[in-house]
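Everything on this sheet refers to the single structure shown next.
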Amino acid sequence: MQIGVTITDLSGKILYVNPAEANMHGWTTEQLIGKSASIFAPSGERRPMTADQIREMRSWQREVTNVRRDGTTLPVSLLSDVVRDEDGEPVAMVTTSEDITVRVTAEKQLRDSEERYALAARGAQDGLWDWDLTDDTLYLSPRWKEMLGYQDGEIGSTSDEWFGRVHADDRDALDTEIRNHLEGYASQLSSEHRIRRRNGEYCWVSCRGLVVTDAAGKPARMAGSMSDITERKGAEQRLFHDAFHDALTGLANRALFANLLKRSIGHAKRSKLRRYAVLFIDLDRFKVLNDSLGHSYGDRLLVALGGRLEACLRPGDTVARMGGDEFIILLDDIIEASDATRVADRVKHALEAPFTLGEHEVFASASIGIALGSANYEEPDDVIRDADLAMYRAKSRGKGRYEMFDKEMHLNAVALLQLETDLRRAMDRGELRIYYQPIVMIETKTISCFEALVRWEHPTRGLLSPGVFIPLAEETGIIVPLGRWVLEHACRQIVEWQEKFSSEPPLTVSVNVSPKEISQPDFVDNVLETLKTVGLRPDSLKLEVTEGVLMESAETNVAVLRRLADAGIRVLIDDFGTGYSSLSYLHRFSVNTLKIDRSFVDALAGADENVEIIRTIITLARALGMTVIAEGVETEDQHRRLMALECEEVQGFLFSKAVDARAAEELLVQSRSRPTK
Ligand code: C2E
Ligand code: CA
Ligand code: CA
């Protein structure tokens with residue numbers, strides 16, 4: 001009997017097995033009796049059935065893969081039946097099994113040949129090929145030849161007719177793919193490669209094929225199809241190119257640059273001798289050009305600039321556009337720092353000639369930051385960040401120059417970042433204080449006004465002066481809520497003092513306002529709202545603005561200052577004389593007072609011409625209906641001279657530093673001989 005028979009009890013233990021079954025699985029009958037029938041199943045599969053399942057069971061046919069004693073597998077067809085006693089209760093199970101290897105193999109072959117048939121059918125549109133491996137002859141269909149631009153008779157029948165036309169760069173890959181299929185690692189041949197057409201151009205083809213074995217199982221032929229995928233490849237390559245290049249300039253983009261930089265970082269890590277450098281380049285005043293000539297000219301400048309930058313490079317170096325007017329250069333493999341500065345010099349030089357953009361000729365300059373890399377960096381972003389920091393330094397030191405990144409810049413940047421984080425919390429945590437510095441009438445030295453000067457009670461660094469954090473607050477926009485806070489609290493304080501110490505005219509307060517605050521659309525509304533809330537008369541408030549406010553976006557600011565003046569709030573130009581404004585220009589603005597900068601007061605003791613400058617300012621201010629305050633008065637001598645010049649009010653350490661509210665109140669007590677309370 002070629003049919004195996006096994007009888008098991010209800011727990012699956014083998015009670016009987018015939019020699020055919022034992023042989024089929026590589027055991028003897030004796031070895032199997034008493035074992036579990038799961039010995040035939042691949043490990044972990046086929047759990048024994050439960051008693052309930054067996055009771056319900058009718059005959060059960062299935063095809064499974066069994067394992068032999070030596071671990072090889074064996075496809076079998078099984079038929080199981082339950083043996084029952086007189087009451088119909090199951091007592092045992094009989095299973096017959098049949099080796100179906102031959103049938104399974106035949107079915108697989110059928111499937112393969114169906115696949116081949118499908119390939120052939122597709123070959124009607126595609127090219128067909130059939131390669132006889134025994135004598136290396138190659139049948140190529142007319143369509144195959146036509147795809148490459150040949151007539152049927154123009155191509156012979158050796159395999160070289162195909163492989164000889166494959167692009168040299170793709171030959172190895174194709175060979176490997178063929179070998180993989182012949183040796184059974186790949187179920188079919190599937191290859192995309194370039195192939196030369198009759199006109200010498202290459203086209204991309206996709207090639208699929210299957211091996212056909214002879215009776216002994218040896219590969220005899222390989223046959224398949226070839227289709228033209230040039231268009232798809234082109235689209236793919238365009239997508240790939242677009243993903244890594246800047247659309248405007250065609251240069252590498254940030255992503256590609258980061259990839260290349262990562263490679264340089266890797267090289268430097270492996271070899272101590274390899275160094276590289278990154279140059280971060282930012283156009284100076286690009287925004288001005290963009291705003292005045294329009295974006296299309298801005299774009300043209302960027303394209304032209306990209307071209308000039310490329311011309312500055314050595315082979316192997318890369319220039320990329322980071323976005324906006326920022327470019328970045330990677331110098332791969334340099335020897336010393338001067339190699340990088342030399343390129344920076346070359347870039348500067350390349351920008352000296354004007355750019356011709358249509359009918360316009362424009363000059364451009366750039367600020368450049370250099371970061372030198374050796375084994376000290378891990379990530380591309382770190383190098384780029386440092387080069388960027390150095391670029392900022394170059395820009396702040398006066399544009400059109402380059403700076404090399406150093407450790408100190410990094411520490412500064414880190415400290416600044418920490419400060420910013422702290423500053424954002426400072427207001428919520430109530431760490432801001434207002435100090436008050438008196439402004440006195442020059443003749444009587446009585447206090448007419450307090451300038452509110454903000455301080456920050458930093459949890460670890462102690463009391464910080466505004467010079468440390470106001471610039472940061474302006475840059476980050478924190479100045480807006482900070483300014484509102486100062487305004488409200490200073491006004492409240494003055495209301496309190498006005499009630500305690502009545503005087504005629506009433507005590508006033510002077511609050512500093514930065515340009516960023518003025519440009520808030522709701523600035524005036526907010527000031528008026530605050531005055532109403534705290535109950536301060538508008539003419540008790542002075543706002544100190546710098547000349548910059550008058551110069552930048554002058555038109556909108558004229559309107560803002562006019563609204564303030566209409567509401568009765570006085571406006572004062574702080575640090576007068578340090579900016580660009582001329583006195584003649586000032587009359588356009590509703591300004592009440594000029595505060596002469598400390599530097600002029602300092603110079604009073606020196607040459608006569610310094611006295612003359614102040615005299616001129618005071619004379620002209622008076623002619624324009626403005627009053628004058630001198631700040632930074634530290635000596636009796638300065639005070640006397642200012643008095644002689646008929647300056648109205650003075651402020652400075654001679655009278656008092658800025659002090660906290662309690663000390664300021666003391667000053668008021670001394671100043672006003674008769675407090676009302
Ligand atoms: P500023 O408005 O020019 O304020 C005058 C600065 O000169 C104050 O420094 C003051 O303490 C100092 N000073 C006064 N008298 C003398 C003197 O006789 N000799 C010397 N050497 N210095 C004197 P402070 O308080 O450090 O303020 C610095 C700057 O911070 C201020 O300059 C102002 O521009 C800004 N600032 C202060 N508080 C605020 C604020 O609440 N908002 C805004 N936007 N800026 C503020
Ligand atoms: Ca001021
Ligand atoms: Ca000032």
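Ordering of the structure tokens sets the chain letters (A, B, ...); residue numbers start at 1 within each chain; ligands are numbered from 1 in the order shown.
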
(request) Output the neighbourhood of ligand 2 as a PyMOL selection string, that is, all protein and nucleic acid residues with some atom at most 8 Å from the ligand, counting only C-alpha atoms and all ligand atoms. (result) chain A and resi 451+453+510-512+544-545+574-575

(request) Give the residues close to ligand 1, within 8 Å, counting only C-alpha atoms and all ligand atoms; write them as a PyMOL selection string. (result) chain A and resi 434-435+437+451-455+465-467+470+474+479+482-483+486-487+511-514+517+544+574-575+597-598+631-634+651-654+656-658

Mind writing the picked residues with N, CA, C and O atoms as a short mmCIF file (atom, residue, chain, number, x, y, z; two decimals), in the first residue's frame?
```
data_model
loop_
_atom_site.label_atom_id
_atom_site.label_comp_id
_atom_site.auth_asym_id
_atom_site.auth_seq_id
_atom_site.Cartn_x
_atom_site.Cartn_y
_atom_site.Cartn_z
N ILE A 434 10.36 98.63 38.29
CA ILE A 434 10.55 99.94 37.66
C ILE A 434 11.35 100.81 38.62
O ILE A 434 11.01 100.92 39.80
N TYR A 435 12.43 101.37 38.09
CA TYR A 435 13.20 102.35 38.84
C TYR A 435 12.84 103.73 38.30
O TYR A 435 12.41 103.86 37.16
N GLN A 437 14.06 107.75 37.85
CA GLN A 437 15.11 108.77 37.94
C GLN A 437 14.48 110.15 37.80
O GLN A 437 13.75 110.40 36.84
N GLU A 451 11.61 109.67 35.13
CA GLU A 451 11.71 108.76 33.98
C GLU A 451 11.62 107.34 34.52
O GLU A 451 12.33 106.98 35.46
N ALA A 452 10.73 106.55 33.94
CA ALA A 452 10.58 105.16 34.36
C ALA A 452 11.62 104.31 33.62
O ALA A 452 11.66 104.33 32.39
N LEU A 453 12.47 103.62 34.36
CA LEU A 453 13.51 102.79 33.74
C LEU A 453 13.37 101.36 34.28
O LEU A 453 13.42 101.14 35.49
N VAL A 454 13.20 100.45 33.39
CA VAL A 454 12.88 99.09 33.81
C VAL A 454 14.13 98.35 34.28
O VAL A 454 15.24 98.61 33.80
N ARG A 455 13.95 97.48 35.23
CA ARG A 455 15.01 96.58 35.71
C ARG A 455 14.45 95.16 35.75
O ARG A 455 13.24 94.98 35.83
N SER A 465 20.37 95.44 34.24
CA SER A 465 20.02 96.75 33.68
C SER A 465 19.45 96.53 32.28
O SER A 465 19.73 95.53 31.63
N PRO A 466 18.65 97.47 31.82
CA PRO A 466 17.94 97.27 30.55
C PRO A 466 18.86 97.07 29.35
O PRO A 466 18.46 96.43 28.37
N GLY A 467 20.07 97.60 29.44
CA GLY A 467 21.00 97.42 28.33
C GLY A 467 21.23 95.95 28.02
O GLY A 467 21.54 95.58 26.88
N ILE A 470 16.90 94.74 27.00
CA ILE A 470 15.97 95.48 26.11
C ILE A 470 16.24 95.16 24.62
O ILE A 470 15.30 94.89 23.86
N GLU A 474 13.49 93.60 22.17
CA GLU A 474 13.07 94.22 20.92
C GLU A 474 13.14 93.23 19.77
O GLU A 474 12.25 93.12 18.95
N ILE A 479 9.24 92.99 23.77
CA ILE A 479 9.17 94.40 24.16
C ILE A 479 7.73 94.89 24.20
O ILE A 479 7.39 95.78 24.99
N LEU A 482 6.15 93.80 27.43
CA LEU A 482 6.97 94.41 28.47
C LEU A 482 6.69 95.91 28.56
O LEU A 482 6.52 96.47 29.65
N GLY A 483 6.61 96.56 27.40
CA GLY A 483 6.36 98.00 27.37
C GLY A 483 5.00 98.34 27.98
O GLY A 483 4.86 99.34 28.69
N VAL A 486 5.28 98.19 31.73
CA VAL A 486 5.98 99.35 32.29
C VAL A 486 5.04 100.56 32.28
O VAL A 486 4.90 101.26 33.29
N LEU A 487 4.38 100.77 31.14
CA LEU A 487 3.49 101.92 31.02
C LEU A 487 2.42 101.90 32.11
O LEU A 487 2.22 102.88 32.83
N VAL A 511 8.00 107.78 29.91
CA VAL A 511 8.13 106.34 29.65
C VAL A 511 8.79 106.12 28.29
O VAL A 511 8.42 106.76 27.30
N ASN A 512 9.79 105.25 28.27
CA ASN A 512 10.49 104.95 27.01
C ASN A 512 9.67 104.02 26.13
O ASN A 512 9.09 103.05 26.62
N VAL A 513 9.63 104.32 24.86
CA VAL A 513 8.86 103.51 23.91
C VAL A 513 9.78 103.13 22.75
O VAL A 513 10.41 104.01 22.15
N SER A 514 9.86 101.85 22.45
CA SER A 514 10.74 101.44 21.35
C SER A 514 9.98 101.45 20.03
O SER A 514 8.75 101.36 20.01
N GLU A 517 7.19 99.01 19.42
CA GLU A 517 5.91 99.24 20.09
C GLU A 517 5.06 100.22 19.30
O GLU A 517 3.86 100.02 19.12
N GLU A 544 9.00 108.80 25.48
CA GLU A 544 10.33 109.07 24.92
C GLU A 544 10.55 108.15 23.72
O GLU A 544 10.52 106.93 23.84
N ASP A 574 14.41 111.25 22.52
CA ASP A 574 15.46 110.78 23.44
C ASP A 574 16.80 110.77 22.71
O ASP A 574 16.85 110.65 21.49
N ASP A 575 17.86 110.83 23.47
CA ASP A 575 19.23 110.72 22.92
C ASP A 575 19.41 111.65 21.73
O ASP A 575 20.06 111.28 20.74
N ASP A 597 21.48 114.31 24.22
CA ASP A 597 22.18 113.10 24.64
C ASP A 597 23.33 113.40 25.60
O ASP A 597 23.97 114.45 25.53
N ARG A 598 23.58 112.41 26.45
CA ARG A 598 24.61 112.50 27.46
C ARG A 598 25.97 112.89 26.87
O ARG A 598 26.76 113.60 27.49
N GLU A 631 20.44 115.34 29.60
CA GLU A 631 20.56 114.15 30.45
C GLU A 631 22.01 113.80 30.68
O GLU A 631 22.90 114.20 29.93
N GLY A 632 22.26 113.06 31.76
CA GLY A 632 23.63 112.65 32.07
C GLY A 632 24.43 113.75 32.76
O GLY A 632 25.65 113.82 32.62
N VAL A 633 23.73 114.61 33.50
CA VAL A 633 24.43 115.68 34.21
C VAL A 633 25.03 115.09 35.48
O VAL A 633 24.31 114.59 36.34
N GLU A 634 26.37 115.15 35.58
CA GLU A 634 27.02 114.50 36.71
C GLU A 634 27.75 115.51 37.61
O GLU A 634 28.09 115.18 38.74
N GLN A 651 18.69 116.08 34.07
CA GLN A 651 18.54 114.74 34.63
C GLN A 651 19.94 114.16 34.73
O GLN A 651 20.75 114.34 33.81
N GLY A 652 20.26 113.53 35.83
CA GLY A 652 21.59 112.93 35.91
C GLY A 652 21.98 112.54 37.33
O GLY A 652 21.24 112.81 38.29
N PHE A 653 23.12 111.89 37.43
CA PHE A 653 23.57 111.37 38.71
C PHE A 653 23.83 112.49 39.72
O PHE A 653 23.85 112.25 40.92
N LEU A 654 24.04 113.71 39.23
CA LEU A 654 24.23 114.83 40.14
C LEU A 654 23.03 114.96 41.08
O LEU A 654 23.18 115.28 42.25
N SER A 656 20.21 112.42 41.14
CA SER A 656 19.98 111.07 41.66
C SER A 656 20.13 110.05 40.53
O SER A 656 19.86 110.35 39.37
N LYS A 657 20.52 108.87 40.91
CA LYS A 657 20.44 107.75 39.99
C LYS A 657 18.98 107.32 39.90
O LYS A 657 18.14 107.81 40.67
N ALA A 658 18.70 106.36 39.01
CA ALA A 658 17.38 105.76 39.01
C ALA A 658 17.29 104.90 40.27
O ALA A 658 18.21 104.13 40.56
#
```

(message) So that I can check the surroundings of region 169-184 of chain A, please list as a ChimeraX atom specification every protein, DNA and RNA residue that reaches within 12 Å of it, counting only C-alpha atoms and ignoring chain neighbours fewer than 4 positions away.
(response) /A:131,133,160,162-165,188-196,202,204-213,217-224

(request) Give me the residues within 8 Å of region 490-506 of chain A as a list in words, counting only C-alpha atoms and dropping any in the same chain fewer than 2 places off. (result) Ile434, Ser448, Ala452, Val486, Leu487, Glu488, Thr508, Val509, Val511, Leu531, Val534, Gly535, Leu536, Ser540, Leu541, Glu665, Leu668, Arg672, Arg674, Pro675, Thr676 and Lys677 of chain A

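Considering the residues A:Val468, A:Ile328, A:Val524, A:Ile439 and counting only C-alpha atoms and all ligand atoms, ligand 3 has its shortest atom-to-atom contact with A:Ile439.
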
Which parts of region 45-235 of chain A does DSSP call strand (DSSP E) when run on the backbone here, written out as a short mmCIF file (atom, residue, chain, number, x, y, z; two decimals) with N, CA and C atoms, in the first residue's frame?
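out06.cif, freshly written:
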```cif
data_model
loop_
_atom_site.label_atom_id
_atom_site.label_comp_id
_atom_site.auth_asym_id
_atom_site.auth_seq_id
_atom_site.Cartn_x
_atom_site.Cartn_y
_atom_site.Cartn_z
N TRP A 60 -12.73 14.37 7.26
CA TRP A 60 -12.07 15.67 7.09
C TRP A 60 -10.89 15.53 6.15
N GLN A 61 -11.00 16.20 4.99
CA GLN A 61 -9.94 16.10 3.98
C GLN A 61 -9.18 17.41 3.89
N ARG A 62 -7.86 17.29 3.78
CA ARG A 62 -7.06 18.53 3.64
C ARG A 62 -5.71 18.23 3.03
N GLU A 63 -5.07 19.28 2.50
CA GLU A 63 -3.71 19.13 1.97
C GLU A 63 -2.77 19.98 2.82
N VAL A 64 -1.74 19.36 3.36
CA VAL A 64 -0.82 20.07 4.24
C VAL A 64 0.61 19.68 3.90
N THR A 65 1.55 20.38 4.53
CA THR A 65 2.95 20.02 4.36
C THR A 65 3.43 19.35 5.65
N ASN A 66 3.87 18.10 5.54
CA ASN A 66 4.42 17.38 6.69
C ASN A 66 5.94 17.47 6.69
N VAL A 67 6.52 17.12 7.85
CA VAL A 67 7.98 17.04 7.87
C VAL A 67 8.44 15.61 8.08
N THR A 73 10.62 18.53 3.85
CA THR A 73 9.17 18.63 3.88
C THR A 73 8.55 17.76 2.81
N LEU A 74 7.26 17.55 2.99
CA LEU A 74 6.56 16.57 2.17
C LEU A 74 5.11 17.00 2.03
N PRO A 75 4.67 17.34 0.80
CA PRO A 75 3.26 17.70 0.66
C PRO A 75 2.39 16.44 0.70
N VAL A 76 1.34 16.46 1.52
CA VAL A 76 0.48 15.27 1.63
C VAL A 76 -0.98 15.66 1.57
N SER A 77 -1.78 14.72 1.14
CA SER A 77 -3.23 14.88 1.19
C SER A 77 -3.74 13.96 2.30
N LEU A 78 -4.47 14.51 3.28
CA LEU A 78 -4.90 13.73 4.44
C LEU A 78 -6.42 13.57 4.43
N LEU A 79 -6.88 12.39 4.90
CA LEU A 79 -8.32 12.18 5.08
C LEU A 79 -8.51 11.55 6.45
N SER A 80 -9.21 12.22 7.35
CA SER A 80 -9.38 11.70 8.72
C SER A 80 -10.83 11.31 8.95
N ASP A 81 -11.01 10.29 9.78
CA ASP A 81 -12.35 9.85 10.17
C ASP A 81 -12.33 9.48 11.64
N VAL A 82 -13.48 9.65 12.29
CA VAL A 82 -13.56 9.31 13.72
C VAL A 82 -14.12 7.89 13.85
N VAL A 83 -13.52 7.12 14.75
CA VAL A 83 -14.04 5.78 15.04
C VAL A 83 -14.90 5.88 16.30
N ARG A 84 -16.18 5.39 16.25
CA ARG A 84 -17.08 5.57 17.40
C ARG A 84 -17.49 4.22 17.96
N PRO A 90 -16.94 8.99 20.27
CA PRO A 90 -15.65 8.79 19.60
C PRO A 90 -14.67 8.05 20.49
N VAL A 91 -13.94 7.13 19.91
CA VAL A 91 -12.92 6.42 20.69
C VAL A 91 -11.54 6.57 20.05
N ALA A 92 -11.49 6.79 18.74
CA ALA A 92 -10.18 6.91 18.08
C ALA A 92 -10.35 7.66 16.77
N MET A 93 -9.19 7.92 16.11
CA MET A 93 -9.22 8.65 14.84
C MET A 93 -8.35 7.90 13.84
N VAL A 94 -8.87 7.73 12.61
CA VAL A 94 -8.09 7.09 11.56
C VAL A 94 -7.76 8.14 10.50
N THR A 95 -6.48 8.24 10.15
CA THR A 95 -6.09 9.19 9.12
C THR A 95 -5.31 8.46 8.05
N THR A 96 -5.72 8.66 6.78
CA THR A 96 -4.93 8.12 5.68
C THR A 96 -4.20 9.28 5.03
N SER A 97 -2.99 9.01 4.53
CA SER A 97 -2.23 10.09 3.91
C SER A 97 -1.62 9.64 2.60
N GLU A 98 -1.52 10.60 1.69
CA GLU A 98 -0.98 10.29 0.37
C GLU A 98 0.06 11.34 0.00
N ASP A 99 1.23 10.88 -0.47
CA ASP A 99 2.30 11.77 -0.91
C ASP A 99 1.88 12.43 -2.22
N GLY A 127 9.08 44.54 -26.67
CA GLY A 127 9.98 43.69 -27.43
C GLY A 127 10.08 42.34 -26.75
N LEU A 128 10.23 41.29 -27.55
CA LEU A 128 10.37 39.95 -26.99
C LEU A 128 11.77 39.43 -27.23
N TRP A 129 12.27 38.66 -26.27
CA TRP A 129 13.57 38.04 -26.49
C TRP A 129 13.58 36.62 -25.96
N ASP A 130 14.38 35.80 -26.56
CA ASP A 130 14.47 34.40 -26.14
C ASP A 130 15.92 33.99 -26.32
N TRP A 131 16.55 33.68 -25.21
CA TRP A 131 18.01 33.52 -25.21
C TRP A 131 18.32 32.06 -24.94
N ASP A 132 18.91 31.42 -25.90
CA ASP A 132 19.29 30.01 -25.74
C ASP A 132 20.64 29.96 -25.04
N THR A 137 22.70 31.78 -28.42
CA THR A 137 22.03 32.52 -29.49
C THR A 137 20.84 33.26 -28.89
N LEU A 138 20.50 34.36 -29.52
CA LEU A 138 19.47 35.23 -28.96
C LEU A 138 18.46 35.54 -30.05
N TYR A 139 17.21 35.20 -29.74
CA TYR A 139 16.15 35.60 -30.66
C TYR A 139 15.61 36.95 -30.19
N LEU A 140 15.55 37.93 -31.08
CA LEU A 140 14.99 39.24 -30.75
C LEU A 140 13.84 39.50 -31.70
N LEU A 189 13.71 37.44 -13.64
CA LEU A 189 14.65 38.51 -13.98
C LEU A 189 13.86 39.80 -14.09
N SER A 190 14.34 40.82 -13.41
CA SER A 190 13.68 42.11 -13.50
C SER A 190 14.76 43.17 -13.43
N SER A 191 14.89 43.91 -14.53
CA SER A 191 16.00 44.85 -14.59
C SER A 191 15.59 46.12 -15.32
N GLU A 192 16.08 47.25 -14.81
CA GLU A 192 15.89 48.52 -15.53
C GLU A 192 17.27 49.02 -15.90
N HIS A 193 17.47 49.24 -17.19
CA HIS A 193 18.79 49.71 -17.61
C HIS A 193 18.67 50.57 -18.86
N ARG A 194 19.79 51.22 -19.17
CA ARG A 194 19.82 52.06 -20.37
C ARG A 194 20.38 51.25 -21.53
N ILE A 195 19.84 51.48 -22.69
CA ILE A 195 20.29 50.72 -23.85
C ILE A 195 20.42 51.69 -25.03
N ARG A 196 21.46 51.45 -25.83
CA ARG A 196 21.78 52.41 -26.89
C ARG A 196 20.91 52.20 -28.12
N TYR A 202 20.66 56.98 -25.62
CA TYR A 202 20.25 55.87 -24.76
C TYR A 202 18.80 56.02 -24.38
N CYS A 203 18.10 54.90 -24.31
CA CYS A 203 16.76 54.95 -23.75
C CYS A 203 16.71 54.00 -22.56
N TRP A 204 15.78 54.27 -21.64
CA TRP A 204 15.63 53.40 -20.47
C TRP A 204 14.66 52.29 -20.80
N VAL A 205 15.01 51.04 -20.47
CA VAL A 205 14.06 49.95 -20.68
C VAL A 205 13.89 49.17 -19.39
N SER A 206 12.71 48.56 -19.30
CA SER A 206 12.46 47.63 -18.21
C SER A 206 12.42 46.25 -18.85
N CYS A 207 13.16 45.33 -18.28
CA CYS A 207 13.30 44.02 -18.88
C CYS A 207 12.91 42.96 -17.88
N ARG A 208 11.99 42.04 -18.30
CA ARG A 208 11.58 40.96 -17.42
C ARG A 208 11.78 39.64 -18.14
N GLY A 209 12.10 38.60 -17.38
CA GLY A 209 12.32 37.33 -18.04
C GLY A 209 12.26 36.18 -17.05
N LEU A 210 12.09 34.97 -17.62
CA LEU A 210 12.04 33.76 -16.79
C LEU A 210 12.94 32.72 -17.42
N VAL A 211 13.56 31.92 -16.56
CA VAL A 211 14.43 30.87 -17.07
C VAL A 211 13.58 29.61 -17.34
N VAL A 212 13.96 28.86 -18.36
CA VAL A 212 13.28 27.60 -18.67
C VAL A 212 14.31 26.50 -18.49
N THR A 213 14.00 25.50 -17.67
CA THR A 213 14.99 24.45 -17.41
C THR A 213 14.75 23.27 -18.33
N PRO A 219 19.25 25.13 -16.39
CA PRO A 219 18.74 26.25 -17.19
C PRO A 219 19.11 26.06 -18.65
N ALA A 220 18.11 26.13 -19.53
CA ALA A 220 18.37 25.95 -20.95
C ALA A 220 18.13 27.24 -21.72
N ARG A 221 17.08 27.96 -21.34
CA ARG A 221 16.74 29.18 -22.05
C ARG A 221 16.26 30.22 -21.06
N MET A 222 16.34 31.43 -21.49
CA MET A 222 15.72 32.48 -20.71
C MET A 222 14.97 33.32 -21.72
N ALA A 223 13.70 33.67 -21.37
CA ALA A 223 12.90 34.43 -22.33
C ALA A 223 12.11 35.50 -21.60
N GLY A 224 11.82 36.55 -22.31
CA GLY A 224 11.07 37.61 -21.65
C GLY A 224 10.79 38.78 -22.56
N SER A 225 10.47 39.91 -21.91
CA SER A 225 10.04 41.07 -22.66
C SER A 225 10.87 42.29 -22.28
N MET A 226 10.78 43.31 -23.12
CA MET A 226 11.47 44.55 -22.84
C MET A 226 10.54 45.70 -23.19
N SER A 227 10.37 46.67 -22.27
CA SER A 227 9.53 47.82 -22.59
C SER A 227 10.29 49.12 -22.35
N ASP A 228 9.91 50.13 -23.13
CA ASP A 228 10.58 51.43 -23.06
C ASP A 228 10.01 52.23 -21.89
#
```

(request) Compare A:Ala664, A:Asp637, A:Phe576, A:Thr533 by their minimum atom-to-atom distance to ligand 3, counting only C-alpha atoms and all ligand atoms, and give me the closest one. (result) A:Phe576

(request) Write out as number ranges by chain all residues of region 30-235 of chain A that backbone DSSP assigns to alpha helix (DSSP H). (result) A: 30-32, 51-56, 101-122, 142-147, 160-163, 168-182, 230-235

(request) Name the residues in contact with His295 (chain A) at a cut-off of 12 Å, using only C-alpha atoms, excluding same-chain residues fewer than 6 positions from it; report them as a VMD selection string. (result) chain A and resid 286 to 289 301 to 302 324 to 325 357

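Taking CA of His458 (chain A) and CA of Glu431 (chain A) as endpoints, the distance between them is 6.6 Å.
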
Which residues, written as a JSON list (two decimals) with N, CA and C atoms, in the first residue's frame, have at least one atom at most 9 Å from Ala258 (chain A), with only C-alpha atoms counted and residues fewer than 5 positions away on the same chain left out?
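Result saved to selection.json:
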```json
[["chain", "number", "residue", "atom", "x", "y", "z"],
["A", 253, "ASN", "N", 19.87, 72.46, -3.04],
["A", 253, "ASN", "CA", 19.08, 73.07, -1.97],
["A", 253, "ASN", "C", 19.62, 72.63, -0.61],
["A", 263, "ARG", "N", 28.49, 63.90, 4.56],
["A", 263, "ARG", "CA", 29.58, 63.06, 4.05],
["A", 263, "ARG", "C", 30.94, 63.66, 4.45],
["A", 379, "GLU", "N", 26.65, 66.85, 13.41],
["A", 379, "GLU", "CA", 25.49, 67.00, 12.53],
["A", 379, "GLU", "C", 25.65, 68.21, 11.61],
["A", 380, "PRO", "N", 25.18, 68.09, 10.36],
["A", 380, "PRO", "CA", 25.26, 69.22, 9.43],
["A", 380, "PRO", "C", 24.67, 70.51, 10.02],
["A", 381, "ASP", "N", 23.53, 70.37, 10.70],
["A", 381, "ASP", "CA", 22.89, 71.57, 11.23],
["A", 381, "ASP", "C", 23.78, 72.35, 12.20],
["A", 384, "ILE", "N", 26.18, 74.41, 10.09],
["A", 384, "ILE", "CA", 25.45, 75.49, 9.43],
["A", 384, "ILE", "C", 25.10, 76.58, 10.45]]
```

(request) Tell me which protein, DNA and RNA residues are within 10 Å of region 607-622 of chain A, counting only C-alpha atoms, leaving out same-chain ones fewer than 5 positions away, and put them as a count of residues only. (result) 24

(request) Grab the CA of Leu432 (chain A) to CA of Leu667 (chain A) distance for me, in Å with one decimal place. (result)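 One can read the CA of Leu432 (chain A) to CA of Leu667 (chain A) distance as 22.0 Å.
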
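Take CA of Thr635 (chain A) and CA of Ile447 (chain A): the distance between them is 17.6 Å.
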